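K.L.:
I am attaching a structure below and will ask some questions about it afterwards.
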2 protein chains.
Amino acid sequence: MPKTPLLLENFLPYRISVAANRISGALSRHYAERFGIGIPEWRVIANLGRYPGLTANEVAERSAMDKVTVSRAVAALEQKKLIARRRDAGDKRKSLLTLSAKGDAVYAEIVPLALGFERELLARLTPQERQALDSAIAKLME
Amino acid sequence: MPKTPLLLENFLPYRISVAANRISGALSRHYAERFGIGIPEWRVIANLGRYPGLTANEVAERSAMDKVTVSRAVAALEQKKLIARRRDAGDKRKSLLTLSAKGDAVYAEIVPLALGFERELLARLTPQERQALDSAIAKLME
DNA sequence: TTGATTTAGTTTCAAATGTAACTATCATGT
DNA sequence: ACATGATAGTTACATTTGAAACTAAATCAA
């Protein structure tokens with residue numbers, strides 16, 4: 001019998017995991033139904049919208065996704081004509097990825113939606129809590 | 001072109017998701033290799049260690065897991081002889097779940113490990129950050 | 001009672017995911 | 001130049017996962 005009882009509902013890793021799933025789930029429901037894209041695809045779009053011309057690997061690094069996940073998301077987005085790839089002339093292994101006109105349109109629509117969602121979340125917190133949450137997450141990531 | 005740029009690396013839902021995955025991943029690696037159990041199984045054990053005699057549905061509610069996930073975790077744990085189920089006499093649809101002696105032993109070993117892991121995480125934060133993180137998570141969960 | 005509805009839990013099926021193996025290209029050392 | 005090793009990206013396979021259908025038992029209504 002351990003001295004310190006473990007209450008899952010107070011256990012930080014558990015609580016963060018549940019919170020993250022709820023938040024991601026709620027957000028992705030928004031753009032899944034409106035745009036028919038999942039989280040990995042959304043992340044690729046978000047990165048390419050901000051940094052056009054990234055390679056798949058660069059997207060993977062930036063978005064903390066597996067390169068396989070990115071590869072599949074890129075293939076799906078290409079199918080949907082939301083992104084375009086052109087081979088890097090200097091290194092033919094690489095593809096430089098950019099949003100298509102259609103992809104840009106989706107991006108322009110999703111970004112305000114995503115930011116609005118984030119704003120709603122942050123509105124529940126006091127400025128101190130926001131600040132602390134921010135640095136806490138940063139420290140937990142190390 | 002949206003006015004407010006969206007930087008994924010500053011976007012709260014994204015950051016929480018990545019942080020949660022890192023933390024869960026690191027923790028589960030610990031007990032996955034030592035005990036051969038995954039996150040759902042661990043959550044079932046944690047609940048039964050603390051509240052013996054729960055039904056599968058009660059575990060599902062308490063642990064924010066799908067009932068299918070719980071059903072499978074319970075089946076796996078039963079196979080491994082870590083838990084025992086006895087039919088509820090009054091309601092034969094229900095099974096009352098408890099840890100076996102072997103399950104108790106695993107529980108007794110995992111709990112300190114889990115709490116130690118949590119302590120390491122929390123050690124990185126100032127008391128204010130801990131407090132704020134705590135209430136921030138609570139508020140985000142609503 | 002009997003029939004209809006709800007609840008606990010399992011099974012089935014399809015989609016999502018990660019690991020490992022693979023292909024193609026590039027870089028390096030000799 | 002050529003062999004060896006690294007890198008970008010894809011494919012194959014096995015595992016995980018959840019939604020929906022299903023079974024069995026309980027509850028409710030007439």
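For the structure tokens, the naming scheme is as follows: chains receive sequential letters (A, B, ...) according to their order of presentation, residues are indexed from 1 within each chain, and ligands are indexed from 1 in presentation order.
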Over every C-alpha pair, in sequence order, do a least-squares fit of chain B onto chain A and save the fitted chain as a tab-separated table (two decimals) with N, CA and C atoms, in the first residue's frame.
P.N.:
```
chain	number	residue	atom	x	y	z
B	1	MET	N	0.63	-1.16	0.06
B	1	MET	CA	-0.19	0.08	0.03
B	1	MET	C	0.76	1.29	0.05
B	2	PRO	N	0.80	2.06	-1.00
B	2	PRO	CA	1.72	3.20	-1.03
B	2	PRO	C	1.25	4.28	-0.06
B	3	LYS	N	2.22	4.96	0.48
B	3	LYS	CA	1.89	6.00	1.45
B	3	LYS	C	1.12	7.14	0.80
B	4	THR	N	1.64	7.61	-0.35
B	4	THR	CA	0.99	8.73	-1.01
B	4	THR	C	-0.04	8.19	-1.99
B	5	PRO	N	-1.28	8.48	-1.76
B	5	PRO	CA	-2.28	7.97	-2.68
B	5	PRO	C	-2.17	8.71	-4.01
B	6	LEU	N	-2.49	8.03	-5.06
B	6	LEU	CA	-2.47	8.68	-6.35
B	6	LEU	C	-3.90	8.88	-6.83
B	7	LEU	N	-4.27	10.12	-6.96
B	7	LEU	CA	-5.59	10.44	-7.49
B	7	LEU	C	-5.41	10.88	-8.92
B	8	LEU	N	-5.91	10.07	-9.83
B	8	LEU	CA	-5.73	10.38	-11.23
B	8	LEU	C	-6.23	11.79	-11.55
B	9	GLU	N	-7.31	12.17	-10.92
B	9	GLU	CA	-7.90	13.47	-11.25
B	9	GLU	C	-7.06	14.65	-10.79
B	10	ASN	N	-6.05	14.39	-9.98
B	10	ASN	CA	-5.13	15.46	-9.59
B	10	ASN	C	-3.75	15.28	-10.21
B	11	PHE	N	-3.60	14.24	-10.97
B	11	PHE	CA	-2.28	13.87	-11.47
B	11	PHE	C	-1.97	14.69	-12.74
B	12	LEU	N	-0.92	15.47	-12.67
B	12	LEU	CA	-0.65	16.43	-13.74
B	12	LEU	C	-0.59	15.82	-15.13
B	13	PRO	N	0.19	14.77	-15.36
B	13	PRO	CA	0.24	14.23	-16.72
B	13	PRO	C	-1.15	13.84	-17.24
B	14	TYR	N	-1.94	13.28	-16.35
B	14	TYR	CA	-3.28	12.90	-16.74
B	14	TYR	C	-4.13	14.12	-17.07
B	15	ARG	N	-4.08	15.10	-16.22
B	15	ARG	CA	-4.91	16.28	-16.43
B	15	ARG	C	-4.54	17.02	-17.70
B	16	ILE	N	-3.26	17.15	-17.95
B	16	ILE	CA	-2.84	17.84	-19.17
B	16	ILE	C	-3.29	17.06	-20.39
B	17	SER	N	-3.16	15.76	-20.30
B	17	SER	CA	-3.54	14.93	-21.44
B	17	SER	C	-5.03	15.08	-21.75
B	18	VAL	N	-5.84	15.01	-20.71
B	18	VAL	CA	-7.28	15.13	-20.92
B	18	VAL	C	-7.63	16.51	-21.45
B	19	ALA	N	-7.03	17.52	-20.86
B	19	ALA	CA	-7.32	18.89	-21.31
B	19	ALA	C	-6.93	19.07	-22.77
B	20	ALA	N	-5.75	18.58	-23.12
B	20	ALA	CA	-5.29	18.73	-24.49
B	20	ALA	C	-6.21	18.01	-25.46
B	21	ASN	N	-6.65	16.81	-25.08
B	21	ASN	CA	-7.54	16.08	-25.97
B	21	ASN	C	-8.87	16.80	-26.15
B	22	ARG	N	-9.39	17.31	-25.08
B	22	ARG	CA	-10.65	18.05	-25.17
B	22	ARG	C	-10.50	19.24	-26.11
B	23	ILE	N	-9.44	19.99	-25.89
B	23	ILE	CA	-9.24	21.21	-26.67
B	23	ILE	C	-9.00	20.89	-28.14
B	24	SER	N	-8.09	19.96	-28.40
B	24	SER	CA	-7.83	19.59	-29.79
B	24	SER	C	-9.09	19.04	-30.44
B	25	GLY	N	-9.79	18.23	-29.69
B	25	GLY	CA	-11.01	17.64	-30.23
B	25	GLY	C	-12.03	18.70	-30.60
B	26	ALA	N	-12.24	19.63	-29.69
B	26	ALA	CA	-13.22	20.68	-29.95
B	26	ALA	C	-12.81	21.52	-31.16
B	27	LEU	N	-11.55	21.88	-31.20
B	27	LEU	CA	-11.07	22.71	-32.31
B	27	LEU	C	-11.16	21.95	-33.63
B	28	SER	N	-10.70	20.72	-33.62
B	28	SER	CA	-10.66	19.99	-34.88
B	28	SER	C	-12.06	19.71	-35.38
B	29	ARG	N	-13.00	19.55	-34.46
B	29	ARG	CA	-14.38	19.36	-34.91
B	29	ARG	C	-14.82	20.53	-35.76
B	30	HIS	N	-14.43	21.73	-35.33
B	30	HIS	CA	-14.78	22.93	-36.11
B	30	HIS	C	-14.34	22.81	-37.55
B	31	TYR	N	-13.04	22.65	-37.75
B	31	TYR	CA	-12.60	22.70	-39.14
B	31	TYR	C	-12.69	21.37	-39.85
B	32	ALA	N	-12.87	20.30	-39.12
B	32	ALA	CA	-13.08	19.01	-39.79
B	32	ALA	C	-14.39	19.06	-40.57
B	33	GLU	N	-15.44	19.54	-39.91
B	33	GLU	CA	-16.72	19.52	-40.61
B	33	GLU	C	-16.81	20.62	-41.67
B	34	ARG	N	-16.16	21.71	-41.42
B	34	ARG	CA	-16.28	22.79	-42.41
B	34	ARG	C	-15.35	22.59	-43.60
B	35	PHE	N	-14.18	22.04	-43.37
B	35	PHE	CA	-13.21	21.95	-44.47
B	35	PHE	C	-12.80	20.52	-44.81
B	36	GLY	N	-13.27	19.59	-44.02
B	36	GLY	CA	-12.93	18.21	-44.30
B	36	GLY	C	-11.45	17.89	-44.14
B	37	ILE	N	-10.81	18.52	-43.18
B	37	ILE	CA	-9.40	18.21	-42.94
B	37	ILE	C	-9.19	17.86	-41.48
B	38	GLY	N	-8.18	17.06	-41.24
B	38	GLY	CA	-7.86	16.64	-39.89
B	38	GLY	C	-6.74	17.47	-39.30
B	39	ILE	N	-6.33	17.10	-38.10
B	39	ILE	CA	-5.32	17.88	-37.40
B	39	ILE	C	-3.99	17.93	-38.15
B	40	PRO	N	-3.48	16.81	-38.63
B	40	PRO	CA	-2.19	16.90	-39.34
B	40	PRO	C	-2.27	17.81	-40.55
B	41	GLU	N	-3.36	17.72	-41.30
B	41	GLU	CA	-3.50	18.56	-42.48
B	41	GLU	C	-3.59	20.03	-42.09
B	42	TRP	N	-4.32	20.28	-41.06
B	42	TRP	CA	-4.41	21.65	-40.57
B	42	TRP	C	-3.04	22.19	-40.18
B	43	ARG	N	-2.25	21.37	-39.55
B	43	ARG	CA	-0.93	21.84	-39.12
B	43	ARG	C	-0.03	22.11	-40.32
B	44	VAL	N	-0.14	21.29	-41.32
B	44	VAL	CA	0.64	21.54	-42.53
B	44	VAL	C	0.21	22.87	-43.15
B	45	ILE	N	-1.08	23.07	-43.26
B	45	ILE	CA	-1.58	24.32	-43.84
B	45	ILE	C	-1.11	25.51	-43.03
B	46	ALA	N	-1.22	25.40	-41.72
B	46	ALA	CA	-0.81	26.52	-40.87
B	46	ALA	C	0.65	26.88	-41.11
B	47	ASN	N	1.47	25.88	-41.25
B	47	ASN	CA	2.89	26.14	-41.46
B	47	ASN	C	3.16	26.72	-42.84
B	48	LEU	N	2.52	26.15	-43.83
B	48	LEU	CA	2.78	26.65	-45.18
B	48	LEU	C	2.18	28.04	-45.39
B	49	GLY	N	1.07	28.30	-44.69
B	49	GLY	CA	0.49	29.64	-44.80
B	49	GLY	C	1.45	30.68	-44.25
B	50	ARG	N	2.12	30.28	-43.23
B	50	ARG	CA	3.03	31.21	-42.58
B	50	ARG	C	4.42	31.19	-43.23
B	51	TYR	N	4.87	30.02	-43.62
B	51	TYR	CA	6.21	29.88	-44.19
B	51	TYR	C	6.14	29.12	-45.51
B	52	PRO	N	5.77	29.77	-46.57
B	52	PRO	CA	5.64	29.08	-47.84
B	52	PRO	C	6.99	28.54	-48.29
B	53	GLY	N	6.96	27.42	-48.94
B	53	GLY	CA	8.19	26.87	-49.51
B	53	GLY	C	8.93	25.92	-48.60
B	54	LEU	N	8.36	25.59	-47.47
B	54	LEU	CA	9.01	24.61	-46.60
B	54	LEU	C	9.01	23.24	-47.28
B	55	THR	N	9.95	22.41	-46.90
B	55	THR	CA	9.91	21.02	-47.33
B	55	THR	C	9.09	20.22	-46.32
B	56	ALA	N	8.77	19.00	-46.70
B	56	ALA	CA	7.99	18.15	-45.81
B	56	ALA	C	8.73	17.94	-44.49
B	57	ASN	N	10.02	17.74	-44.57
B	57	ASN	CA	10.78	17.54	-43.34
B	57	ASN	C	10.79	18.77	-42.45
B	58	GLU	N	10.88	19.91	-43.07
B	58	GLU	CA	10.85	21.14	-42.27
B	58	GLU	C	9.50	21.30	-41.59
B	59	VAL	N	8.45	20.95	-42.31
B	59	VAL	CA	7.13	21.00	-41.70
B	59	VAL	C	7.07	20.04	-40.51
B	60	ALA	N	7.63	18.87	-40.70
B	60	ALA	CA	7.61	17.88	-39.63
B	60	ALA	C	8.32	18.41	-38.38
B	61	GLU	N	9.48	19.01	-38.59
B	61	GLU	CA	10.21	19.56	-37.45
B	61	GLU	C	9.42	20.66	-36.75
B	62	ARG	N	8.93	21.58	-37.55
B	62	ARG	CA	8.21	22.72	-36.97
B	62	ARG	C	6.94	22.32	-36.25
B	63	SER	N	6.31	21.25	-36.71
B	63	SER	CA	4.98	20.95	-36.18
B	63	SER	C	4.99	19.78	-35.22
B	64	ALA	N	6.19	19.29	-34.90
B	64	ALA	CA	6.30	18.18	-33.95
B	64	ALA	C	5.52	16.97	-34.41
B	65	MET	N	5.45	16.79	-35.73
B	65	MET	CA	4.77	15.61	-36.23
B	65	MET	C	5.81	14.67	-36.84
B	66	ASP	N	5.44	13.42	-36.85
B	66	ASP	CA	6.21	12.39	-37.50
B	66	ASP	C	6.31	12.68	-39.00
B	67	LYS	N	7.42	12.30	-39.62
B	67	LYS	CA	7.52	12.58	-41.05
B	67	LYS	C	6.55	11.73	-41.86
B	68	VAL	N	6.20	10.57	-41.33
B	68	VAL	CA	5.20	9.76	-42.01
B	68	VAL	C	3.84	10.47	-42.01
B	69	THR	N	3.50	10.99	-40.87
B	69	THR	CA	2.24	11.72	-40.76
B	69	THR	C	2.21	12.90	-41.72
B	70	VAL	N	3.33	13.61	-41.78
B	70	VAL	CA	3.40	14.76	-42.67
B	70	VAL	C	3.29	14.31	-44.12
B	71	SER	N	3.99	13.25	-44.45
B	71	SER	CA	3.94	12.75	-45.82
B	71	SER	C	2.50	12.46	-46.23
B	72	ARG	N	1.78	11.83	-45.33
B	72	ARG	CA	0.40	11.49	-45.67
B	72	ARG	C	-0.49	12.72	-45.75
B	73	ALA	N	-0.27	13.64	-44.82
B	73	ALA	CA	-1.08	14.86	-44.84
B	73	ALA	C	-0.81	15.63	-46.12
B	74	VAL	N	0.44	15.70	-46.51
B	74	VAL	CA	0.81	16.41	-47.74
B	74	VAL	C	0.15	15.74	-48.94
B	75	ALA	N	0.21	14.43	-48.98
B	75	ALA	CA	-0.42	13.72	-50.10
B	75	ALA	C	-1.91	14.02	-50.16
B	76	ALA	N	-2.56	14.02	-48.99
B	76	ALA	CA	-4.00	14.28	-48.96
B	76	ALA	C	-4.31	15.70	-49.42
B	77	LEU	N	-3.49	16.63	-48.97
B	77	LEU	CA	-3.73	18.03	-49.34
B	77	LEU	C	-3.47	18.26	-50.81
B	78	GLU	N	-2.52	17.53	-51.34
B	78	GLU	CA	-2.24	17.65	-52.76
B	78	GLU	C	-3.43	17.14	-53.56
B	79	GLN	N	-3.94	16.03	-53.13
B	79	GLN	CA	-5.12	15.44	-53.76
B	79	GLN	C	-6.28	16.44	-53.79
B	80	LYS	N	-6.42	17.12	-52.67
B	80	LYS	CA	-7.51	18.11	-52.57
B	80	LYS	C	-7.15	19.42	-53.22
B	81	LYS	N	-6.00	19.48	-53.84
B	81	LYS	CA	-5.55	20.69	-54.55
B	81	LYS	C	-5.38	21.89	-53.62
B	82	LEU	N	-5.05	21.61	-52.38
B	82	LEU	CA	-4.87	22.73	-51.45
B	82	LEU	C	-3.40	23.17	-51.38
B	83	ILE	N	-2.52	22.31	-51.78
B	83	ILE	CA	-1.12	22.69	-51.82
B	83	ILE	C	-0.49	22.26	-53.15
B	84	ALA	N	0.63	22.87	-53.44
B	84	ALA	CA	1.37	22.50	-54.64
B	84	ALA	C	2.79	22.17	-54.22
B	85	ARG	N	3.40	21.25	-54.95
B	85	ARG	CA	4.79	20.95	-54.66
B	85	ARG	C	5.59	21.15	-55.94
B	86	ARG	N	6.76	21.71	-55.75
B	86	ARG	CA	7.66	21.74	-56.90
B	86	ARG	C	8.99	21.20	-56.42
B	87	ARG	N	9.62	20.47	-57.28
B	87	ARG	CA	10.89	19.86	-56.92
B	87	ARG	C	11.95	20.92	-56.72
B	88	ASP	N	12.76	20.69	-55.74
B	88	ASP	CA	13.88	21.59	-55.54
B	88	ASP	C	14.91	21.31	-56.64
B	89	ALA	N	15.25	22.35	-57.38
B	89	ALA	CA	16.19	22.16	-58.49
B	89	ALA	C	17.53	21.67	-57.98
B	90	GLY	N	17.98	22.24	-56.89
B	90	GLY	CA	19.30	21.90	-56.37
B	90	GLY	C	19.36	20.53	-55.72
B	91	ASP	N	18.30	20.12	-55.07
B	91	ASP	CA	18.27	18.82	-54.39
B	91	ASP	C	16.96	18.12	-54.73
B	92	LYS	N	17.07	17.18	-55.63
B	92	LYS	CA	15.83	16.60	-56.19
B	92	LYS	C	15.12	15.67	-55.23
B	93	ARG	N	15.67	15.46	-54.05
B	93	ARG	CA	14.91	14.66	-53.09
B	93	ARG	C	13.81	15.50	-52.45
B	94	LYS	N	14.06	16.79	-52.40
B	94	LYS	CA	13.15	17.68	-51.69
B	94	LYS	C	12.01	18.19	-52.57
B	95	SER	N	10.87	18.39	-51.92
B	95	SER	CA	9.78	19.11	-52.58
B	95	SER	C	9.54	20.38	-51.79
B	96	LEU	N	9.42	21.48	-52.49
B	96	LEU	CA	9.09	22.72	-51.83
B	96	LEU	C	7.59	22.89	-51.89
B	97	LEU	N	7.00	23.06	-50.73
B	97	LEU	CA	5.55	23.06	-50.62
B	97	LEU	C	5.00	24.46	-50.45
B	98	THR	N	3.92	24.74	-51.14
B	98	THR	CA	3.24	26.02	-50.98
B	98	THR	C	1.74	25.78	-51.06
B	99	LEU	N	1.00	26.70	-50.48
B	99	LEU	CA	-0.45	26.62	-50.59
B	99	LEU	C	-0.86	27.02	-52.01
B	100	SER	N	-1.84	26.34	-52.54
B	100	SER	CA	-2.44	26.78	-53.80
B	100	SER	C	-3.39	27.95	-53.51
B	101	ALA	N	-3.96	28.50	-54.55
B	101	ALA	CA	-4.93	29.58	-54.35
B	101	ALA	C	-6.06	29.08	-53.45
B	102	LYS	N	-6.51	27.89	-53.75
B	102	LYS	CA	-7.57	27.28	-52.95
B	102	LYS	C	-7.10	27.09	-51.50
B	103	GLY	N	-5.85	26.65	-51.35
B	103	GLY	CA	-5.30	26.46	-50.02
B	103	GLY	C	-5.20	27.78	-49.26
B	104	ASP	N	-4.83	28.81	-49.99
B	104	ASP	CA	-4.77	30.14	-49.37
B	104	ASP	C	-6.14	30.56	-48.85
B	105	ALA	N	-7.14	30.25	-49.65
B	105	ALA	CA	-8.50	30.63	-49.25
B	105	ALA	C	-8.89	29.91	-47.97
B	106	VAL	N	-8.57	28.63	-47.91
B	106	VAL	CA	-8.88	27.86	-46.70
B	106	VAL	C	-8.11	28.43	-45.51
B	107	TYR	N	-6.85	28.69	-45.74
B	107	TYR	CA	-6.01	29.27	-44.69
B	107	TYR	C	-6.63	30.56	-44.16
B	108	ALA	N	-7.00	31.42	-45.10
B	108	ALA	CA	-7.55	32.73	-44.71
B	108	ALA	C	-8.83	32.56	-43.91
B	109	GLU	N	-9.52	31.45	-44.13
B	109	GLU	CA	-10.75	31.25	-43.39
B	109	GLU	C	-10.50	30.57	-42.05
B	110	ILE	N	-9.54	29.67	-42.03
B	110	ILE	CA	-9.30	28.93	-40.79
B	110	ILE	C	-8.61	29.78	-39.73
B	111	VAL	N	-7.68	30.59	-40.14
B	111	VAL	CA	-6.89	31.32	-39.16
B	111	VAL	C	-7.76	32.13	-38.19
B	112	PRO	N	-8.69	32.92	-38.69
B	112	PRO	CA	-9.52	33.66	-37.74
B	112	PRO	C	-10.33	32.74	-36.84
B	113	LEU	N	-10.78	31.63	-37.42
B	113	LEU	CA	-11.52	30.66	-36.64
B	113	LEU	C	-10.65	30.11	-35.49
B	114	ALA	N	-9.44	29.76	-35.84
B	114	ALA	CA	-8.53	29.20	-34.84
B	114	ALA	C	-8.19	30.24	-33.77
B	115	LEU	N	-7.91	31.44	-34.24
B	115	LEU	CA	-7.54	32.47	-33.27
B	115	LEU	C	-8.73	32.84	-32.39
B	116	GLY	N	-9.92	32.80	-32.97
B	116	GLY	CA	-11.11	33.07	-32.18
B	116	GLY	C	-11.29	32.01	-31.10
B	117	PHE	N	-11.05	30.78	-31.48
B	117	PHE	CA	-11.15	29.68	-30.53
B	117	PHE	C	-10.16	29.88	-29.40
B	118	GLU	N	-8.94	30.20	-29.79
B	118	GLU	CA	-7.90	30.43	-28.77
B	118	GLU	C	-8.30	31.60	-27.86
B	119	ARG	N	-8.83	32.65	-28.45
B	119	ARG	CA	-9.23	33.80	-27.65
B	119	ARG	C	-10.27	33.41	-26.62
B	120	GLU	N	-11.21	32.58	-27.05
B	120	GLU	CA	-12.24	32.11	-26.12
B	120	GLU	C	-11.63	31.36	-24.94
B	121	LEU	N	-10.66	30.52	-25.25
B	121	LEU	CA	-9.98	29.79	-24.18
B	121	LEU	C	-9.29	30.75	-23.23
B	122	LEU	N	-8.53	31.66	-23.82
B	122	LEU	CA	-7.72	32.56	-22.99
B	122	LEU	C	-8.59	33.51	-22.19
B	123	ALA	N	-9.78	33.79	-22.70
B	123	ALA	CA	-10.66	34.72	-22.00
B	123	ALA	C	-11.05	34.20	-20.62
B	124	ARG	N	-10.95	32.89	-20.46
B	124	ARG	CA	-11.33	32.33	-19.17
B	124	ARG	C	-10.26	32.54	-18.10
B	125	LEU	N	-9.07	32.90	-18.56
B	125	LEU	CA	-7.95	32.99	-17.62
B	125	LEU	C	-7.66	34.44	-17.26
B	126	THR	N	-7.16	34.59	-16.07
B	126	THR	CA	-6.67	35.91	-15.68
B	126	THR	C	-5.32	36.13	-16.37
B	127	PRO	N	-4.90	37.39	-16.47
B	127	PRO	CA	-3.60	37.66	-17.07
B	127	PRO	C	-2.47	36.89	-16.39
B	128	GLN	N	-2.53	36.78	-15.07
B	128	GLN	CA	-1.48	36.02	-14.38
B	128	GLN	C	-1.51	34.56	-14.78
B	129	GLU	N	-2.72	34.04	-14.88
B	129	GLU	CA	-2.83	32.64	-15.26
B	129	GLU	C	-2.30	32.41	-16.66
B	130	ARG	N	-2.61	33.34	-17.55
B	130	ARG	CA	-2.11	33.20	-18.92
B	130	ARG	C	-0.60	33.18	-18.94
B	131	GLN	N	-0.06	34.13	-18.24
B	131	GLN	CA	1.39	34.26	-18.19
B	131	GLN	C	2.02	32.99	-17.61
B	132	ALA	N	1.43	32.54	-16.51
B	132	ALA	CA	1.99	31.37	-15.84
B	132	ALA	C	1.81	30.12	-16.68
B	133	LEU	N	0.67	30.00	-17.31
B	133	LEU	CA	0.43	28.85	-18.17
B	133	LEU	C	1.47	28.82	-19.28
B	134	ASP	N	1.68	29.98	-19.83
B	134	ASP	CA	2.65	30.11	-20.90
B	134	ASP	C	4.03	29.61	-20.48
B	135	SER	N	4.52	30.13	-19.38
B	135	SER	CA	5.88	29.75	-18.99
B	135	SER	C	5.90	28.33	-18.43
B	136	ALA	N	4.79	27.91	-17.85
B	136	ALA	CA	4.75	26.54	-17.36
B	136	ALA	C	4.85	25.56	-18.51
B	137	ILE	N	4.10	25.80	-19.56
B	137	ILE	CA	4.18	24.90	-20.72
B	137	ILE	C	5.60	24.89	-21.28
B	138	ALA	N	6.16	26.08	-21.38
B	138	ALA	CA	7.53	26.16	-21.90
B	138	ALA	C	8.48	25.32	-21.05
B	139	LYS	N	8.35	25.42	-19.75
B	139	LYS	CA	9.26	24.68	-18.88
B	139	LYS	C	8.99	23.18	-18.93
B	140	LEU	N	7.73	22.83	-19.06
B	140	LEU	CA	7.42	21.40	-19.11
B	140	LEU	C	7.94	20.77	-20.39
B	141	MET	N	8.12	21.59	-21.40
B	141	MET	CA	8.56	21.06	-22.69
B	141	MET	C	10.05	20.72	-22.71
B	142	GLU	N	10.78	21.24	-21.78
B	142	GLU	CA	12.21	20.95	-21.77
B	142	GLU	C	12.45	19.51	-21.30
```
K.L.:
So which residues of segment 39-88 of chain B fall under helix (DSSP H, G or I) by DSSP, listed as a VMD selection string?
P.N.:
chain B and resid 39 to 50 56 to 63 67 to 79
K.L.:
Ranking D:DA12, D:DA6, D:DA25, D:DA20 by minimum distance to DC22 of chain C and counting only C-alpha atoms (C1' of nucleotides), which one comes first?
P.N.:
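Checking each of D:DA12, D:DA6, D:DA25, D:DA20 against DC22 of chain C, counting only C-alpha atoms (C1' of nucleotides), the winner is D:DA12.
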K.L.:
From a DSSP pass on the backbone, collect the residues of segment 30-111 of chain A flagged as strand (DSSP E or B) and hand them back as a PyMOL selection string.
P.N.:
chain A and resi 54+83-87+95-99
K.L.:
Residues of the last selection are to be written out with N, CA, C and O atoms, as a PDB file, in the first residue's frame.
P.N.:
```pdb
ATOM      1  N   LEU A  54       8.338  25.605 -47.454  1.00  0.00           N
ATOM      2  CA  LEU A  54       8.979  24.624 -46.587  1.00  0.00           C
ATOM      3  C   LEU A  54       8.976  23.259 -47.261  1.00  0.00           C
ATOM      4  O   LEU A  54       8.114  22.962 -48.078  1.00  0.00           O
ATOM      5  N   ILE A  83      -2.506  22.288 -51.789  1.00  0.00           N
ATOM      6  CA  ILE A  83      -1.098  22.682 -51.823  1.00  0.00           C
ATOM      7  C   ILE A  83      -0.483  22.250 -53.141  1.00  0.00           C
ATOM      8  O   ILE A  83      -1.025  21.408 -53.853  1.00  0.00           O
ATOM      9  N   ALA A  84       0.635  22.859 -53.447  1.00  0.00           N
ATOM     10  CA  ALA A  84       1.384  22.498 -54.650  1.00  0.00           C
ATOM     11  C   ALA A  84       2.799  22.172 -54.225  1.00  0.00           C
ATOM     12  O   ALA A  84       3.305  22.713 -53.243  1.00  0.00           O
ATOM     13  N   ARG A  85       3.419  21.258 -54.955  1.00  0.00           N
ATOM     14  CA  ARG A  85       4.810  20.952 -54.644  1.00  0.00           C
ATOM     15  C   ARG A  85       5.620  21.147 -55.909  1.00  0.00           C
ATOM     16  O   ARG A  85       5.198  20.807 -57.012  1.00  0.00           O
ATOM     17  N   ARG A  86       6.789  21.698 -55.736  1.00  0.00           N
ATOM     18  CA  ARG A  86       7.701  21.730 -56.877  1.00  0.00           C
ATOM     19  C   ARG A  86       9.042  21.206 -56.382  1.00  0.00           C
ATOM     20  O   ARG A  86       9.460  21.461 -55.251  1.00  0.00           O
ATOM     21  N   ARG A  87       9.697  20.464 -57.231  1.00  0.00           N
ATOM     22  CA  ARG A  87      10.963  19.869 -56.861  1.00  0.00           C
ATOM     23  C   ARG A  87      12.014  20.936 -56.668  1.00  0.00           C
ATOM     24  O   ARG A  87      12.070  21.904 -57.409  1.00  0.00           O
ATOM     25  N   SER A  95      10.905  18.401 -51.880  1.00  0.00           N
ATOM     26  CA  SER A  95       9.817  19.114 -52.539  1.00  0.00           C
ATOM     27  C   SER A  95       9.554  20.387 -51.762  1.00  0.00           C
ATOM     28  O   SER A  95       9.444  20.345 -50.527  1.00  0.00           O
ATOM     29  N   LEU A  96       9.434  21.464 -52.478  1.00  0.00           N
ATOM     30  CA  LEU A  96       9.110  22.719 -51.821  1.00  0.00           C
ATOM     31  C   LEU A  96       7.605  22.887 -51.871  1.00  0.00           C
ATOM     32  O   LEU A  96       7.001  22.817 -52.944  1.00  0.00           O
ATOM     33  N   LEU A  97       7.008  23.070 -50.717  1.00  0.00           N
ATOM     34  CA  LEU A  97       5.556  23.056 -50.611  1.00  0.00           C
ATOM     35  C   LEU A  97       5.003  24.460 -50.438  1.00  0.00           C
ATOM     36  O   LEU A  97       5.550  25.267 -49.686  1.00  0.00           O
ATOM     37  N   THR A  98       3.926  24.725 -51.139  1.00  0.00           N
ATOM     38  CA  THR A  98       3.234  26.010 -50.985  1.00  0.00           C
ATOM     39  C   THR A  98       1.728  25.780 -51.059  1.00  0.00           C
ATOM     40  O   THR A  98       1.290  24.784 -51.621  1.00  0.00           O
ATOM     41  N   LEU A  99       1.003  26.689 -50.488  1.00  0.00           N
ATOM     42  CA  LEU A  99      -0.449  26.613 -50.599  1.00  0.00           C
ATOM     43  C   LEU A  99      -0.866  27.014 -52.015  1.00  0.00           C
ATOM     44  O   LEU A  99      -0.286  27.932 -52.600  1.00  0.00           O
TER      45      LEU A  99
END
```
K.L.:
Could you tell me which residues of chain D sit within 10 Å of chain B when counting only C-alpha atoms (C1' of nucleotides), and give me the result as a list in words?
P.N.:
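That gives DT16, DT17, DG18, DA24, DA25 and DA26 of chain D for chain D.
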K.L.:
Could you tell me how far atom C1' of DG9 of chain C sits from atom C1' of DC22 of chain D, in Å to one decimal place?
P.N.:
10.5 Å
K.L.:
Restrict the distance test to only C-alpha atoms (C1' of nucleotides), flag each residue of chain C within 10 Å of chain B, and return the flagged residues as a PyMOL selection string.
P.N.:
chain C and resi 7-11
